[in-house]
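Peer 1: Encoded as structure tokens, here's the structure I'll be asking about.
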Amino acid sequence: MNLKMSKITAAITAVGGYVPETKLTNAELEKMVDTNDEWIRTRTGISERRILKGEGKATSDLAVPAIQEILRKKNLDPKEIDCIICATVTPDMLFPSTANIISDKVGATNAFSYDILAACSGFLFALTTGATLIESGRYKKVIVVGADKMSSIVDYTDRTTCIIFGDGGGAVLLEPSTDENGILDSILRSDGSGRNFLHMKGGGSLNPASVETVLAKQHFIFQDGQPVFKFAVKGMADVSAELLERNQLTGDDIAWLVPHQANLRIIDATANRMGLSKDKVMINIQKYGNTTAGTLPLCLWDWEKQLKKGDNIVLAAFGGGFTWGATLVKWAYDTE
Ligand code: UT7
């Protein structure tokens, strides 16, 4: 009998995604605020974004179709799911967690579920957390979902933020693997002093909702774009380069960079620092904008067919907090 225990890694074994049908184009934004298509495209890379419309529709309604796609693809009974972790900054309500609502809507009655709030790095933080549940050997099927209805916290009279954000969500299924495919390494960081540059003032225990907070527009995103830009370029590029170095990899060993879609110029800077050519970088910012926790799984969803078993991919993100990080994944499957 071989008593040698093989290490369990958490493999991504399925991907699902969802974006609402309604598009908000740069041309439409030109009619709402003092901006223009050329400025938006050259400064951010965005042409259009998706908006979740409809009475009673919330972030869970972006997450549920993404998870249902996974259930269909894997022919999985939702009762088999052990845990659902939802990364979001736009929960359906402050409590219960959006993950609780999602589990109810998908019928994951045996799962425990909770939210992670790490803004644009939320999916990466949740992925690492989910992976450790699998690596512990105690859980076999963990769903990690990143979804945001950013349109619910965007001020459509503020041209510095309304051009950036969109709605969408994506999910992955994590399962144990013993063939060394899966989540291999992560570097995650946070620095709360960055809160001054990117936050939403109202609605929490500091500034509970009141007539005054509404009139002062405190229930919308506030962003001081330039400092965030500078921190993002440095943060995302630094951890991505560090991750390669400590795994003795170079850009040549990486099949794909999966970057947070906040600004094409931040993505380019990260790819350059890693020594990666543009054709190895997943970019869908032009059609979805910045969906916060949704960007990384939506990239995996869009590129799933091009990912090959054994590919080394690096997921990298930067967001409010500040939070940032990079994760190395060896892709676990080929898509038919
Ligand atoms: O995902 C979470 C993390 N967030 C990020 O990573 C976002 C990081 N920041 C950014 O991506 C960029 O800072 C923005 C896209 C938000 C802004 O781009 P920028 O190149 O940093 O522009 P800026 O703030 O330096 O503004 C340049 C000019 C200003 O005019 P003046 O002062 O030079 O006359 C702005 O008033 O562009 C003006 N401007 C606009 N013009 C047309 C700002 N917003 C707009 C607009 N349309 N929408």
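Residue numbering restarts at 1 for every chain of the structure tokens, chains are lettered A, B, ... in their displayed order, and ligands are numbered from 1 as they appear.
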Taking a cut-off of 8 Å and counting only C-alpha atoms, can you build a table that, for each residue of region 88-171 of chain A near region 23-36 of chain A, reports the nearest atom pair and how far apart they are in Å (one decimal), sorted by chain then residue number, as JSON lines?
Peer 2:
{"residue": "A:Tyr156", "atom": "CA", "partner": "A:Met32", "partner_atom": "CA", "distance": 7.3}
{"residue": "A:Thr157", "atom": "CA", "partner": "A:Val33", "partner_atom": "CA", "distance": 6.0}
{"residue": "A:Asp158", "atom": "CA", "partner": "A:Val33", "partner_atom": "CA", "distance": 7.3}
{"residue": "A:Arg159", "atom": "CA", "partner": "A:Val33", "partner_atom": "CA", "distance": 5.8}
{"residue": "A:Ile163", "atom": "CA", "partner": "A:Leu29", "partner_atom": "CA", "distance": 7.1}
Peer 1: Check which residues fall inside 6 Å of ligand 1 when counting only C-alpha atoms and all ligand atoms, and print them as a list in words.
Peer 2: Thr35, Asn36, Trp39, Arg43, Thr44, Cys120, Arg159, Thr160, Ile163, Gly225, Gln226, Val228, Phe229, Ala232, Ala262, Asn263, Thr292, Phe318, Gly319 and Gly320 of chain A
Peer 1: Please produce an output containing N, CA, C and O atoms for each residue in the selection, written as an mmCIF file, in the first residue's frame.
Peer 2:
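To be explicit, this is the file written out as again_11.cif:
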data_model
loop_
_atom_site.group_PDB
_atom_site.id
_atom_site.type_symbol
_atom_site.label_atom_id
_atom_site.label_comp_id
_atom_site.auth_asym_id
_atom_site.auth_seq_id
_atom_site.Cartn_x
_atom_site.Cartn_y
_atom_site.Cartn_z
ATOM 1 N N THR A 35 -18.879 64.330 -22.098
ATOM 2 C CA THR A 35 -17.792 63.403 -22.431
ATOM 3 C C THR A 35 -17.860 63.096 -23.916
ATOM 4 O O THR A 35 -18.758 63.588 -24.615
ATOM 5 N N ASN A 36 -16.929 62.320 -24.398
ATOM 6 C CA ASN A 36 -17.014 61.893 -25.800
ATOM 7 C C ASN A 36 -16.362 60.533 -25.981
ATOM 8 O O ASN A 36 -15.497 60.125 -25.202
ATOM 9 N N TRP A 39 -12.487 60.274 -26.020
ATOM 10 C CA TRP A 39 -11.848 60.385 -24.700
ATOM 11 C C TRP A 39 -11.984 59.064 -23.952
ATOM 12 O O TRP A 39 -11.011 58.536 -23.403
ATOM 13 N N ARG A 43 -8.676 56.876 -23.095
ATOM 14 C CA ARG A 43 -8.257 56.912 -21.685
ATOM 15 C C ARG A 43 -8.541 55.622 -20.936
ATOM 16 O O ARG A 43 -7.925 55.361 -19.901
ATOM 17 N N THR A 44 -9.531 54.823 -21.409
ATOM 18 C CA THR A 44 -9.896 53.622 -20.642
ATOM 19 C C THR A 44 -9.945 52.344 -21.488
ATOM 20 O O THR A 44 -9.780 51.253 -20.953
ATOM 21 N N CYS A 120 -12.479 45.343 -6.332
ATOM 22 C CA CYS A 120 -12.099 44.746 -7.626
ATOM 23 C C CYS A 120 -11.191 43.537 -7.472
ATOM 24 O O CYS A 120 -11.001 42.781 -8.415
ATOM 25 N N ARG A 159 -19.092 62.367 -14.666
ATOM 26 C CA ARG A 159 -18.446 61.825 -15.865
ATOM 27 C C ARG A 159 -17.159 61.071 -15.561
ATOM 28 O O ARG A 159 -16.662 60.312 -16.399
ATOM 29 N N THR A 160 -16.600 61.281 -14.341
ATOM 30 C CA THR A 160 -15.337 60.596 -14.057
ATOM 31 C C THR A 160 -15.553 59.131 -13.649
ATOM 32 O O THR A 160 -14.614 58.345 -13.691
ATOM 33 N N ILE A 163 -18.554 56.563 -16.784
ATOM 34 C CA ILE A 163 -18.083 55.992 -18.061
ATOM 35 C C ILE A 163 -17.370 54.658 -17.854
ATOM 36 O O ILE A 163 -17.135 53.918 -18.803
ATOM 37 N N GLY A 225 -9.399 59.448 -9.418
ATOM 38 C CA GLY A 225 -8.868 58.544 -10.439
ATOM 39 C C GLY A 225 -7.360 58.470 -10.560
ATOM 40 O O GLY A 225 -6.804 57.369 -10.629
ATOM 41 N N GLN A 226 -6.689 59.626 -10.538
ATOM 42 C CA GLN A 226 -5.245 59.602 -10.820
ATOM 43 C C GLN A 226 -4.414 58.846 -9.796
ATOM 44 O O GLN A 226 -3.592 58.006 -10.166
ATOM 45 N N VAL A 228 -5.452 56.527 -7.807
ATOM 46 C CA VAL A 228 -5.821 55.107 -7.917
ATOM 47 C C VAL A 228 -5.085 54.490 -9.104
ATOM 48 O O VAL A 228 -4.535 53.384 -9.019
ATOM 49 N N PHE A 229 -5.053 55.236 -10.197
ATOM 50 C CA PHE A 229 -4.366 54.766 -11.401
ATOM 51 C C PHE A 229 -2.898 54.434 -11.082
ATOM 52 O O PHE A 229 -2.399 53.370 -11.431
ATOM 53 N N ALA A 232 -2.558 51.447 -8.879
ATOM 54 C CA ALA A 232 -2.983 50.234 -9.588
ATOM 55 C C ALA A 232 -1.879 49.731 -10.506
ATOM 56 O O ALA A 232 -1.576 48.530 -10.531
ATOM 57 N N ALA A 262 -9.944 47.387 -15.502
ATOM 58 C CA ALA A 262 -10.278 48.718 -14.979
ATOM 59 C C ALA A 262 -9.895 49.781 -15.979
ATOM 60 O O ALA A 262 -10.583 50.802 -16.102
ATOM 61 N N ASN A 263 -8.783 49.554 -16.667
ATOM 62 C CA ASN A 263 -8.279 50.559 -17.595
ATOM 63 C C ASN A 263 -7.240 49.864 -18.477
ATOM 64 O O ASN A 263 -6.329 49.214 -17.951
ATOM 65 N N THR A 292 -16.126 45.299 -11.666
ATOM 66 C CA THR A 292 -15.600 45.122 -10.304
ATOM 67 C C THR A 292 -15.288 43.640 -10.025
ATOM 68 O O THR A 292 -14.350 43.123 -10.619
ATOM 69 N N PHE A 318 -6.544 44.803 -8.973
ATOM 70 C CA PHE A 318 -6.307 45.927 -8.062
ATOM 71 C C PHE A 318 -7.639 46.624 -7.836
ATOM 72 O O PHE A 318 -8.409 46.816 -8.787
ATOM 73 N N GLY A 319 -7.920 47.031 -6.597
ATOM 74 C CA GLY A 319 -9.197 47.698 -6.373
ATOM 75 C C GLY A 319 -9.274 48.450 -5.058
ATOM 76 O O GLY A 319 -8.280 48.588 -4.331
ATOM 77 N N GLY A 320 -10.471 48.914 -4.780
ATOM 78 C CA GLY A 320 -10.743 49.720 -3.595
ATOM 79 C C GLY A 320 -10.282 49.014 -2.327
ATOM 80 O O GLY A 320 -10.343 47.795 -2.212
#
Peer 1: Which residues are near Trp256 (chain A)? Cut-off 9 Å, only C-alpha atoms, ignore same chain within fewer than 4 positions. Put them as a count of residues only.
Peer 2: 11
Peer 1: Kindly give the distance, in Å, that separates CA of Ala118 (chain A) and CA of Ile267 (chain A), rounded to a single decimal.
Peer 2: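 One can read the CA of Ala118 (chain A) to CA of Ile267 (chain A) distance as 19.3 Å.
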Peer 1: So, with only C-alpha atoms as the atoms that count, which of A:Thr129, A:Ala66, A:Leu298, A:Asp115 lies closest to Phe95 (chain A)?
Peer 2: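 When distances to Phe95 (chain A) are compared using only C-alpha atoms, the smallest one comes from A:Asp115.
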Peer 1: Please provide as an NGL selection string all residues within 6 Å of Ser113 (chain A), with the sequence filter that same-chain residues fewer than 6 positions apart are discarded (counting only C-alpha atoms).
Peer 2: :A and (83-85 or 99-100)
Peer 1: Nearest to Lys230 (chain A) among A:Gly194, A:Lys57, A:Lys201, A:Leu243, with distances taken over only C-alpha atoms: which residue is it?
Peer 2: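 So, comparing all the options, the nearest one is A:Gly194.
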Peer 1: With DSSP run on the backbone, what are the helix (DSSP H, G or I) residues within region 78-324 of chain A? I'd like them as a PyMOL selection string.
Peer 2: chain A and resi 78-80+98-106+119-135+150-152+192-196+211-215+225-246+251-253+264-274+278-280+285-288+292-306
Peer 1: Which residues, written as an MDAnalysis selection string, have at least one atom at most 10 Å from region 324-328 of chain A, with only C-alpha atoms counted and residues fewer than 6 positions away on the same chain left out?
Peer 2: chainID A and resid 118:122 124:125 127:128 182:191 231:232 235:244 247 254 257:260 312:318
Peer 1: Which distance in Å separates CA of His199 (chain A) and CA of Val15 (chain A), to one decimal?
Peer 2: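 Here the two named atoms are 29.7 Å from each other.
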Peer 1: Which one of A:Ser60, A:Gln223, A:Thr323, A:Ser97 sits closest to Ser193 (chain A) if you count only C-alpha atoms?
Peer 2: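 Comparing A:Ser60, A:Gln223, A:Thr323, A:Ser97 against Ser193 (chain A), the winner is A:Thr323.
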Peer 1: If you run DSSP on the backbone here, which positions in region 39-230 of chain A get strand (DSSP E)? Please write them as a ChimeraX atom specification.
Peer 2: /A:48-50,83-87,112-116,142-149,167-177,182-190,198-199,222-223
Peer 1: For CA of Leu133 (chain A) and CA of Thr59 (chain A), determine how far apart the two atoms are, in Å to one decimal place.
Peer 2: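 Spanning CA of Leu133 (chain A) to CA of Thr59 (chain A) is a straight-line distance of 24.4 Å.
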